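Working notes, structure below.
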Amino acid sequence: MDFDSFLNAHRADHLERLQQFLRYPSISALSEHKADVRACAEFVAREAARAGLEHVQILETDGYPVVYADWLHAPGKATVLVYGHYDVQPVDPLDQWHTPPFDPLIRDGRIYARGASDDKGQVFMHLASFEALLKTSGSLPVNVKLCIEGEEEIGSPHLAGLLAQQLDRFRADAVVISDTTMLGPNRPAVCYGLRGLAGLQIDVRGPAHDLHSGLYGGGVQNPIHALVELLASMHRPDGRVAIEGFYDDVAPVSDEERRALAELGADEAAIAADLGVPALYGEAGYSFTERTWIRPTLEVNGIYGGFQGEGTKTVIPATAHAKITCRLVPNQDPLRILDLVEQHVQRHTPPGVTVSVTRRETGKPYVTPFDHPVIRAAAQAYERAYGTAASFTRMGGSIPIVETLDRLLQAPVVMMGFGLNDENFHAPNEHFSLENFDKGMRALCHLWKGLADWRP
């Protein structure tokens, strides 16, 4: 029996085991689910052993554990580290779910549950691909190591420390991650770049307490007015970020790469219609694809202050607040960007208020040359499974641990995802295409076989 026949024969079993995986409410952000997260790690460890991997261990951190396993019986062949995560996002708002988020449901060729696409479905596909090859041929074409963590959804605060402490354990020639999306149904895409991240919160304080707007309006600075003025100073009318020095370190993108992005043929009118906006917007001189993949941004993610209840309350609020994240591109250092934003805030603070800045999460951008042999091997594996040529993309989002893996292991990172943009990851009614579940397992088997002749 070859791996394709094995996957056909065991499809029902694989779906049942995936549903077991999805039933764990492994929400790393909520302390009341601490036991659930650990139980989910134990499930991953059992599944790794069931697939035929060896030296399965649950490695402790100061937070949630990392599941490690390996199979190292391919002398002279490359060693590939597979990274993924078993934790999931919170499910709020619960009333918008059509079915319970941890009671998986298969309907219309999709499986619905929190974590179905991000990232349990994709993690399970890796385990199934190893199982299929080991059960049918008795070996793997390459050496394999597994690193499945439980804190990705909260920024992977402890993984880098574990990797640094146990570098020999995790050392590999390449890293493969399935936690990204394809361009669309039957449009596979190898992701070779991610934007970085720099987050902060701005707190504006005016009077010692809320004031009557009739008695004090016009005579005291309103913190909300001051905050809006400050935020407005951060962008120019043409969409560029107005923070002094913000673009100084941006790495130029080659004409070849810009042509490749243009050839993807994004329909901007269709994108606007799908999003329900009258027009797209962004930095002048760049397409929507370029703005969201290869250019940096500064976005206000939340703004609040003053009276929020029903009706009217005539006050000048004592405080106002905003949450900001910057998406960064290669050569931009998140700490330097935070310095520049803080300096801008200090220079542009309106009179009559005090402003403080609290730094939040950071992550460095990452890019692998899209002509790298491992990237090309992933594209060939996609093509064999899907019957269509794969595209090469960047992703506008951030997976901070990717840059850490690249830096510590000095190995190329291949992001070979099987999700779709409309699968509601991080939102109610998350789901995963069973077509991609089936084709993706075959693509991964083709990848391991395709890497057999690669030498780093």
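Ligands are numbered from 1 in the order shown, chains are lettered A, B, ... in the order of the structure tokens, and residues start at 1 in each chain.
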* To do: Give me every strand (DSSP E) residue in segment 172-262 of chain A, going by DSSP on the backbone, as a VMD selection string.
  => chain A and resid 174 to 177 189 to 194 196 to 205 211 to 212
Can you spit out the residues from that selection as a PDB file, in the first residue's frame, using C-alpha atoms?
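Once everything was written out, this is part-v9.pdb:
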```pdb
ATOM      1  CA  ALA A 174      15.026  23.471   7.479  1.00  0.00           C
ATOM      2  CA  VAL A 175      11.813  24.372   9.278  1.00  0.00           C
ATOM      3  CA  VAL A 176       8.340  23.651   7.897  1.00  0.00           C
ATOM      4  CA  ILE A 177       5.261  25.418   9.263  1.00  0.00           C
ATOM      5  CA  ALA A 189       0.744  29.213  -2.070  1.00  0.00           C
ATOM      6  CA  VAL A 190       4.159  28.955  -0.438  1.00  0.00           C
ATOM      7  CA  CYS A 191       4.585  31.845   1.976  1.00  0.00           C
ATOM      8  CA  TYR A 192       8.182  33.094   2.065  1.00  0.00           C
ATOM      9  CA  GLY A 193       7.799  36.256   4.137  1.00  0.00           C
ATOM     10  CA  LEU A 194       5.981  37.675   7.153  1.00  0.00           C
ATOM     11  CA  GLY A 196       6.905  41.917  12.020  1.00  0.00           C
ATOM     12  CA  LEU A 197       4.985  43.556  14.837  1.00  0.00           C
ATOM     13  CA  ALA A 198       5.349  46.405  17.318  1.00  0.00           C
ATOM     14  CA  GLY A 199       2.461  47.137  19.668  1.00  0.00           C
ATOM     15  CA  LEU A 200       1.808  49.891  22.175  1.00  0.00           C
ATOM     16  CA  GLN A 201      -0.901  51.614  24.188  1.00  0.00           C
ATOM     17  CA  ILE A 202      -1.302  55.375  24.534  1.00  0.00           C
ATOM     18  CA  ASP A 203      -2.955  56.753  27.685  1.00  0.00           C
ATOM     19  CA  VAL A 204      -3.971  60.409  27.780  1.00  0.00           C
ATOM     20  CA  ARG A 205      -4.818  62.016  31.124  1.00  0.00           C
ATOM     21  CA  LEU A 211     -15.856  67.202  34.636  1.00  0.00           C
ATOM     22  CA  HIS A 212     -19.272  68.699  33.863  1.00  0.00           C
TER      23      HIS A 212
END
```
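One finds atom CA of Leu72 of chain A at 6.3 Å from atom CA of Val144 of chain A.
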Contact check, segment 176-196 of chain A to segment 263-276 of chain A, at most 12 Å, counting only C-alpha atoms, closest pairs as a tab-separated table:
```
residue	atom	partner	partner_atom	distance
A:Leu183	CA	A:Leu264	CA	9.0
A:Gly184	CA	A:Ala266	CA	11.3
A:Arg187	CA	A:Leu264	CA	10.6
A:Pro188	CA	A:Leu264	CA	11.9
A:Ala189	CA	A:Leu264	CA	10.5
```
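The closest residue to Ser233 of chain A, picked from A:Arg347, A:Arg327, A:Arg258, A:Arg336 and counting only C-alpha atoms, is A:Arg347.
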* Residue nearest Thr358 of chain A among A:Asp333, A:Val374, A:His73, A:Asp339 (counting only C-alpha atoms) ->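 Distance minimum relative to Thr358 of chain A lands on A:Asp339.
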* Asked: Restricting the calculation to only C-alpha atoms, which member of A:Pro25, A:Gly218, A:Gly397, A:Pro334 is positioned closest to Val250 of chain A?
  -> A:Pro334
Could you pull the residues within 9 Å of segment 412-419 of chain A, counting only C-alpha atoms, minus those fewer than 4 positions along the same chain, as an mmCIF file with C-alpha atoms, in the first residue's frame?
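Saved result, result_2.cif, follows:
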```
data_model
loop_
_atom_site.group_PDB
_atom_site.id
_atom_site.type_symbol
_atom_site.label_atom_id
_atom_site.label_comp_id
_atom_site.auth_asym_id
_atom_site.auth_seq_id
_atom_site.Cartn_x
_atom_site.Cartn_y
_atom_site.Cartn_z
ATOM 1 C CA SER A 117 -7.890 25.798 10.699
ATOM 2 C CA ASP A 118 -5.622 27.588 13.194
ATOM 3 C CA GLN A 122 -2.842 21.652 10.035
ATOM 4 C CA ASP A 173 18.462 22.037 8.264
ATOM 5 C CA ALA A 174 15.026 23.471 7.479
ATOM 6 C CA VAL A 175 11.813 24.372 9.278
ATOM 7 C CA VAL A 176 8.340 23.651 7.897
ATOM 8 C CA ILE A 177 5.261 25.418 9.263
ATOM 9 C CA SER A 178 1.634 24.948 8.253
ATOM 10 C CA ASP A 179 -0.105 27.939 9.837
ATOM 11 C CA THR A 180 -0.697 30.174 6.817
ATOM 12 C CA THR A 181 -3.290 30.412 4.051
ATOM 13 C CA MET A 182 -3.538 29.596 0.374
ATOM 14 C CA GLY A 184 -8.000 30.498 -2.537
ATOM 15 C CA PRO A 188 -1.848 26.704 -3.172
ATOM 16 C CA ALA A 189 0.744 29.213 -2.070
ATOM 17 C CA VAL A 190 4.159 28.955 -0.438
ATOM 18 C CA CYS A 191 4.585 31.845 1.976
ATOM 19 C CA TYR A 192 8.182 33.094 2.065
ATOM 20 C CA GLY A 193 7.799 36.256 4.137
ATOM 21 C CA VAL A 367 11.764 36.667 4.560
ATOM 22 C CA THR A 368 13.354 33.706 2.759
ATOM 23 C CA HIS A 372 15.478 28.764 -2.220
ATOM 24 C CA VAL A 374 13.293 24.147 0.001
ATOM 25 C CA ILE A 375 10.744 26.762 -1.086
ATOM 26 C CA ALA A 378 7.287 22.894 -1.289
ATOM 27 C CA ALA A 379 5.870 24.376 -4.509
ATOM 28 C CA TYR A 382 1.731 21.408 -3.760
ATOM 29 C CA VAL A 402 9.464 32.387 12.721
ATOM 30 C CA GLU A 403 12.241 34.963 12.897
ATOM 31 C CA LEU A 405 13.585 29.935 14.566
ATOM 32 C CA ASP A 406 15.534 31.333 11.614
ATOM 33 C CA GLU A 423 -12.258 30.176 7.388
ATOM 34 C CA PHE A 432 -11.416 24.010 7.786
ATOM 35 C CA SER A 433 -11.875 22.672 4.263
ATOM 36 C CA ASN A 436 -7.504 20.855 1.809
ATOM 37 C CA PHE A 437 -7.281 18.384 4.687
ATOM 38 C CA LYS A 439 -4.934 17.195 -0.449
ATOM 39 C CA GLY A 440 -2.722 18.778 2.195
ATOM 40 C CA LEU A 444 3.171 16.965 2.844
#
```
* **Val66 of chain A surroundings by only C-alpha atoms, 8 Å radius, close-in-sequence under 4 positions cut, as a PyMOL selection string** => chain A and resi 41+58-61+147-150+159
* DSSP alpha helix (DSSP H) selection over segment 211-376 of chain A, as number ranges by chain -> A: 213-216, 223-232, 255-262, 268-275, 288-293, 334-348, 373-376
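Near Leu133 of chain A, within a cut-off of 10 Å and counting only C-alpha atoms, sit the residues Met1, Asp2, Phe3, Asp4, Phe6, Leu7, Ala51, Gly52, Ala128, Ser129, Ser137, Gly138, Ser139, Leu140, Pro141, Cys445, Trp448 and Lys449 of chain A, with same-chain residues fewer than 4 positions away left out.
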* Asked: Any idea what's packed within 12 Å of Asp168 of chain A, counting only C-alpha atoms, ignoring anything in its chain fewer than 3 positions away? Could you give it as a list in words?
  -> Lys145, Leu162, Leu163, Ala164, Gln165, Arg171, Ala172, Leu408 and Leu409 of chain A
The selected residues should be written to file as a CSV table (one decimal), in the first residue's frame (atoms: N, CA and C atoms).
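Output contents, as saved in again-v9.csv:
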```csv
chain,number,residue,atom,x,y,z
A,145,LYS,N,12.0,16.3,13.1
A,145,LYS,CA,11.8,16.7,14.5
A,145,LYS,C,10.5,17.5,14.6
A,162,LEU,N,13.4,28.2,25.6
A,162,LEU,CA,13.5,26.8,25.5
A,162,LEU,C,14.4,26.4,24.3
A,163,LEU,N,14.2,27.0,23.2
A,163,LEU,CA,15.0,26.7,22.0
A,163,LEU,C,16.5,27.0,22.3
A,164,ALA,N,16.7,28.2,22.9
A,164,ALA,CA,18.1,28.6,23.1
A,164,ALA,C,18.8,27.6,24.1
A,165,GLN,N,18.0,27.2,25.1
A,165,GLN,CA,18.6,26.3,26.1
A,165,GLN,C,18.8,24.9,25.6
A,171,ARG,N,18.0,21.4,16.6
A,171,ARG,CA,18.8,21.8,15.5
A,171,ARG,C,18.3,21.1,14.2
A,172,ALA,N,18.2,21.8,13.1
A,172,ALA,CA,17.7,21.2,11.9
A,172,ALA,C,18.2,22.0,10.7
A,408,LEU,N,18.0,31.4,15.5
A,408,LEU,CA,18.6,30.4,16.3
A,408,LEU,C,19.1,29.2,15.6
A,409,LEU,N,18.3,28.7,14.6
A,409,LEU,CA,18.7,27.5,13.9
A,409,LEU,C,19.5,27.7,12.7
```
* Of the residues A:Thr136, A:Gln380, A:Asn143, A:Ser26, which is the one nearest to Arg114 of chain A, using only C-alpha atoms? ->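 Going through A:Thr136, A:Gln380, A:Asn143, A:Ser26 one by one, the smallest distance to Arg114 of chain A is for A:Ser26.
When the distance limit is 8 Å and only C-alpha atoms are what count, the residues near Glu151 of chain A, minus those fewer than 4 positions from it on the same chain, are Ser28, Gly63, Tyr64, His85, Asp87, Gly155, Ser156, Pro157 and His158 of chain A.
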File dump, residues just selected, C-alpha atoms, as a compact mmCIF listing (two decimals), in the first residue's frame:
```txt
# COMPACT_ATOMS: atom_id res chain seq x y z
CA SER A 28 -3.85 29.66 26.34
CA GLY A 63 4.17 28.54 30.87
CA TYR A 64 2.58 25.80 28.78
CA HIS A 85 0.80 25.02 17.95
CA ASP A 87 -3.38 26.30 21.66
CA GLY A 155 2.99 35.47 21.57
CA SER A 156 5.15 32.40 22.34
CA PRO A 157 6.67 34.01 25.47
CA HIS A 158 8.66 30.94 26.56
```
* Asked: Rounded to one decimal in Å, what is the spacing between atom CA of Ile111 of chain A and atom CA of Leu15 of chain A?
  ->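 Interatomic distance here is 9.1 Å.
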